[in-house]
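**Student:** This structure is in structure tokens; I'll ask about it shortly.
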Number of protein chains: 2
Amino acid sequence: MNTSFAVATHIVTYLAFARGSAASSEQIAEHLQTNPVVVRRLMSLLRDAGLVKTKLGARGGALLARCPTKISLRDIYEAIEGDDADLFALSAAQKEGCNRIMASVQATLEDICASAEETMKRVFGKVSVAQIIERSSSFPK
Amino acid sequence: MNTSFAVATHIVTYLAFARGSAASSEQIAEHLQTNPVVVRRLMSLLRDAGLVKTKLGARGGALLARCPTKISLRDIYEAIEGDDADLFALSAAQKEGCNRIMASVQATLEDICASAEETMKRVFGKVSVAQIIERSSSFPK
DNA sequence: CTAAATGTAACTAATTTTGTTACAAATTTA
DNA sequence: TAAATTTGTAACAAAATTAGTTACATTTAG
């Protein structure tokens, strides 16, 4: 199902709401109804991408590394999925044993998929975490 | 890994090469190095979407239902993935038990993901099976 | 020093995807 | 009409992926 991107986005929006006070993985996990280790795993990816800062030890936890207006969904997507998500791949076995024609078709297909994914990422790139919060809190109760 | 889209695309290009003579699931499966039932399952989806025609019985098999110039990768994508692939969903449990703020963020996120997917599909919509074959066969040997 | 927290490895469980077996129904062809 | 071939689909098995859990070393605040 691949819920990582959605969960990671919720982590970041949670931190945006937290506004500077460090949130623990326990807190966040409770909020997202998941496990603290799941949160810490995703948090590590977000940290490696420079989106959050984490603090070890008592009263530790995570903070946004920069303003929510400067964090896009694309930043989160790339932090989680890596640079080439290969959304629509073939199995390794199929790639190996195939004939010349099929290999060409596959190469073409991968090209097109890469450009489709890039287009999708551009959509994500246009949306900041701040905008998500804005859009969300202006919903009618 | 979700190889269905890629496999389905190879099925369709195979049929395009076959040019009017019915191909059996056995033939195609051998070509794609997979199982005939896997091919038949995807074929059923392609048939339901009106992209191919299938013939029961001896000397049966599958044919393209229309010219390769009139079949786009978007047609194949939608045949296989359905109209809403929910590429980046949350688990049902998480969706249910979450508070108002998180629910709003989730709704916003789903919106954005839907539009990202639509953008991706538009890229697929611009490429026909005929073009894939053209691009592929013009590769250097 | 103690308590609280991250970071990560290792494992288990759940889910999803792929492959397989089996067989009824349809169709061609001899 | 009988035999052979092929789809369509259900039911099951195996493999792969994803999510959740346990455990614990390390770090830091107080």
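Naming works like this for the structure tokens: A, B, ... for the chains as they're shown, residue 1 at the start of each chain, ligands 1 onward in shown order.
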I'd like a table as JSON lines: residues in stretch 4-99 of chain A with an atom no more than 12 Å from stretch 6-29 of chain C, each row giving the shortest atom pair and its distance in Å to one decimal, only C-alpha atoms (C1' of nucleotides) counted, sorted by chain and rising residue number.

**Tutor:**
{"residue": "A:Ala23", "atom": "CA", "partner": "C:DT6", "partner_atom": "C1'", "distance": 11.7}
{"residue": "A:Ser24", "atom": "CA", "partner": "C:DT6", "partner_atom": "C1'", "distance": 9.0}
{"residue": "A:Ser25", "atom": "CA", "partner": "C:DT6", "partner_atom": "C1'", "distance": 8.7}
{"residue": "A:Glu26", "atom": "CA", "partner": "C:DT6", "partner_atom": "C1'", "distance": 11.0}
{"residue": "A:Pro36", "atom": "CA", "partner": "C:DT6", "partner_atom": "C1'", "distance": 10.6}
{"residue": "A:Val37", "atom": "CA", "partner": "C:DG7", "partner_atom": "C1'", "distance": 9.5}
{"residue": "A:Val38", "atom": "CA", "partner": "C:DT8", "partner_atom": "C1'", "distance": 11.7}
{"residue": "A:Val39", "atom": "CA", "partner": "C:DT6", "partner_atom": "C1'", "distance": 11.1}
{"residue": "A:Arg40", "atom": "CA", "partner": "C:DT6", "partner_atom": "C1'", "distance": 7.8}
{"residue": "A:Arg41", "atom": "CA", "partner": "C:DG7", "partner_atom": "C1'", "distance": 8.6}
{"residue": "A:Leu42", "atom": "CA", "partner": "C:DG7", "partner_atom": "C1'", "distance": 11.6}
{"residue": "A:Met43", "atom": "CA", "partner": "C:DT6", "partner_atom": "C1'", "distance": 10.3}
{"residue": "A:Ser44", "atom": "CA", "partner": "C:DG7", "partner_atom": "C1'", "distance": 8.3}
{"residue": "A:Leu45", "atom": "CA", "partner": "C:DG7", "partner_atom": "C1'", "distance": 11.8}
{"residue": "A:Arg47", "atom": "CA", "partner": "C:DG7", "partner_atom": "C1'", "distance": 11.9}
{"residue": "A:Lys53", "atom": "CA", "partner": "C:DT6", "partner_atom": "C1'", "distance": 11.5}
{"residue": "A:Thr54", "atom": "CA", "partner": "C:DT6", "partner_atom": "C1'", "distance": 7.9}
{"residue": "A:Lys55", "atom": "CA", "partner": "C:DT6", "partner_atom": "C1'", "distance": 7.2}
{"residue": "A:Leu56", "atom": "CA", "partner": "C:DT6", "partner_atom": "C1'", "distance": 4.9}
{"residue": "A:Gly57", "atom": "CA", "partner": "C:DT6", "partner_atom": "C1'", "distance": 6.6}
{"residue": "A:Ala58", "atom": "CA", "partner": "C:DT6", "partner_atom": "C1'", "distance": 9.2}
{"residue": "A:Arg59", "atom": "CA", "partner": "C:DT6", "partner_atom": "C1'", "distance": 10.5}
{"residue": "A:Gly60", "atom": "CA", "partner": "C:DT6", "partner_atom": "C1'", "distance": 7.5}
{"residue": "A:Gly61", "atom": "CA", "partner": "C:DT6", "partner_atom": "C1'", "distance": 7.4}
{"residue": "A:Ala62", "atom": "CA", "partner": "C:DT6", "partner_atom": "C1'", "distance": 9.5}
{"residue": "A:Leu90", "atom": "CA", "partner": "C:DT18", "partner_atom": "C1'", "distance": 12.0}
{"residue": "A:Ser91", "atom": "CA", "partner": "C:DT18", "partner_atom": "C1'", "distance": 10.4}

**Student:** Fewer than 6 positions away in the same chain doesn't count, so skip those; otherwise give me all residues within 7 Å of stretch 70-73 of chain A, counting only C-alpha atoms (C1' of nucleotides), as a ChimeraX atom specification.

**Tutor:** /A:124-129

**Student:** Can those selected residues be exported to a file as a PDB file, in the first residue's frame so that it contains all heavy atoms?

**Tutor:**
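Contents of part-v3.pdb, as written:
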ATOM      1  N   PHE A 124       4.103  18.026  -6.645  1.00  0.00           N
ATOM      2  CA  PHE A 124       4.422  18.033  -5.221  1.00  0.00           C
ATOM      3  C   PHE A 124       5.331  19.221  -4.866  1.00  0.00           C
ATOM      4  O   PHE A 124       5.251  19.780  -3.782  1.00  0.00           O
ATOM      5  CB  PHE A 124       5.111  16.734  -4.815  1.00  0.00           C
ATOM      6  CG  PHE A 124       4.203  15.533  -4.821  1.00  0.00           C
ATOM      7  CD1 PHE A 124       4.689  14.274  -5.163  1.00  0.00           C
ATOM      8  CD2 PHE A 124       2.864  15.642  -4.469  1.00  0.00           C
ATOM      9  CE1 PHE A 124       3.859  13.160  -5.158  1.00  0.00           C
ATOM     10  CE2 PHE A 124       2.025  14.537  -4.463  1.00  0.00           C
ATOM     11  CZ  PHE A 124       2.524  13.291  -4.808  1.00  0.00           C
ATOM     12  N   GLY A 125       6.178  19.580  -5.806  1.00  0.00           N
ATOM     13  CA  GLY A 125       7.104  20.677  -5.565  1.00  0.00           C
ATOM     14  C   GLY A 125       6.420  22.020  -5.409  1.00  0.00           C
ATOM     15  O   GLY A 125       6.959  22.951  -4.818  1.00  0.00           O
ATOM     16  N   LYS A 126       5.202  22.121  -5.932  1.00  0.00           N
ATOM     17  CA  LYS A 126       4.480  23.398  -5.872  1.00  0.00           C
ATOM     18  C   LYS A 126       3.737  23.598  -4.559  1.00  0.00           C
ATOM     19  O   LYS A 126       3.181  24.657  -4.317  1.00  0.00           O
ATOM     20  CB  LYS A 126       3.472  23.465  -7.029  1.00  0.00           C
ATOM     21  CG  LYS A 126       4.100  23.780  -8.370  1.00  0.00           C
ATOM     22  CD  LYS A 126       3.019  23.986  -9.422  1.00  0.00           C
ATOM     23  CE  LYS A 126       3.591  23.886 -10.824  1.00  0.00           C
ATOM     24  NZ  LYS A 126       2.644  23.224 -11.745  1.00  0.00           N
ATOM     25  N   VAL A 127       3.697  22.539  -3.742  1.00  0.00           N
ATOM     26  CA  VAL A 127       2.909  22.626  -2.509  1.00  0.00           C
ATOM     27  C   VAL A 127       3.828  22.586  -1.287  1.00  0.00           C
ATOM     28  O   VAL A 127       4.589  21.638  -1.117  1.00  0.00           O
ATOM     29  CB  VAL A 127       1.910  21.461  -2.426  1.00  0.00           C
ATOM     30  CG1 VAL A 127       1.036  21.608  -1.189  1.00  0.00           C
ATOM     31  CG2 VAL A 127       1.065  21.393  -3.686  1.00  0.00           C
ATOM     32  N   SER A 128       3.739  23.608  -0.453  1.00  0.00           N
ATOM     33  CA  SER A 128       4.544  23.631   0.775  1.00  0.00           C
ATOM     34  C   SER A 128       3.725  23.096   1.941  1.00  0.00           C
ATOM     35  O   SER A 128       2.492  23.072   1.892  1.00  0.00           O
ATOM     36  CB  SER A 128       4.994  25.050   1.096  1.00  0.00           C
ATOM     37  OG  SER A 128       3.889  25.813   1.523  1.00  0.00           O
ATOM     38  N   VAL A 129       4.450  22.678   2.956  1.00  0.00           N
ATOM     39  CA  VAL A 129       3.793  22.219   4.178  1.00  0.00           C
ATOM     40  C   VAL A 129       2.919  23.336   4.756  1.00  0.00           C
ATOM     41  O   VAL A 129       1.805  23.090   5.237  1.00  0.00           O
ATOM     42  CB  VAL A 129       4.850  21.751   5.194  1.00  0.00           C
ATOM     43  CG1 VAL A 129       4.230  21.501   6.554  1.00  0.00           C
ATOM     44  CG2 VAL A 129       5.538  20.492   4.687  1.00  0.00           C
TER      45      VAL A 129
END

**Student:** Do a neighbour search on A:Leu87 at 8 Å with only C-alpha atoms (C1' of nucleotides), toss out local chain neighbours closer than 5 positions, and write the hits as a count of residues only.

**Tutor:** 3

**Student:** What's the 10 Å shell around A:Gly97, counting only C-alpha atoms (C1' of nucleotides), without same-chain residues fewer than 6 positions away, as a ChimeraX atom specification?

**Tutor:** /A:103 /B:31-33

**Student:** Determine which residues of stretch 17-53 of chain B DSSP labels as alpha helix (DSSP H) from the backbone of this structure, then write them out as a PDB file with C-alpha atoms, in the first residue's frame.

**Tutor:**
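The resulting states_23.pdb:
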ATOM      1  CA  PHE B  17       3.795  -6.811 -33.325  1.00  0.00           C
ATOM      2  CA  ALA B  18       1.591  -9.853 -33.905  1.00  0.00           C
ATOM      3  CA  SER B  25      -1.473 -16.601 -23.336  1.00  0.00           C
ATOM      4  CA  GLU B  26       1.108 -19.371 -23.493  1.00  0.00           C
ATOM      5  CA  GLN B  27       3.047 -17.655 -26.284  1.00  0.00           C
ATOM      6  CA  ILE B  28       2.924 -14.298 -24.565  1.00  0.00           C
ATOM      7  CA  ALA B  29       3.868 -15.754 -21.189  1.00  0.00           C
ATOM      8  CA  GLU B  30       6.906 -17.376 -22.694  1.00  0.00           C
ATOM      9  CA  HIS B  31       7.927 -14.093 -24.268  1.00  0.00           C
ATOM     10  CA  LEU B  32       7.499 -12.218 -20.978  1.00  0.00           C
ATOM     11  CA  PRO B  36       0.027 -17.937 -18.718  1.00  0.00           C
ATOM     12  CA  VAL B  37      -2.506 -17.307 -15.968  1.00  0.00           C
ATOM     13  CA  VAL B  38      -0.811 -14.050 -15.075  1.00  0.00           C
ATOM     14  CA  VAL B  39      -1.126 -13.036 -18.710  1.00  0.00           C
ATOM     15  CA  ARG B  40      -4.773 -14.082 -18.865  1.00  0.00           C
ATOM     16  CA  ARG B  41      -5.582 -12.120 -15.744  1.00  0.00           C
ATOM     17  CA  LEU B  42      -4.115  -8.925 -17.113  1.00  0.00           C
ATOM     18  CA  MET B  43      -5.641  -9.693 -20.500  1.00  0.00           C
ATOM     19  CA  SER B  44      -9.075  -9.799 -18.899  1.00  0.00           C
ATOM     20  CA  LEU B  45      -8.564  -6.292 -17.558  1.00  0.00           C
ATOM     21  CA  LEU B  46      -7.406  -5.104 -20.970  1.00  0.00           C
ATOM     22  CA  ARG B  47     -10.442  -6.741 -22.547  1.00  0.00           C
ATOM     23  CA  ASP B  48     -12.821  -5.173 -20.029  1.00  0.00           C
TER      24      ASP B  48
END

**Student:** Report as a ChimeraX atom specification the set of chain D residues whose atoms approach chain A to within 6 Å, with distances computed over only C-alpha atoms (C1' of nucleotides).

**Tutor:** /D:27-29

**Student:** Give me, as an NGL selection string, the residues of stretch 9-138 of chain A that a backbone DSSP run labels strand (DSSP E or B).

**Tutor:** :A and (23 or 52-55 or 61-64 or 72 or 128)
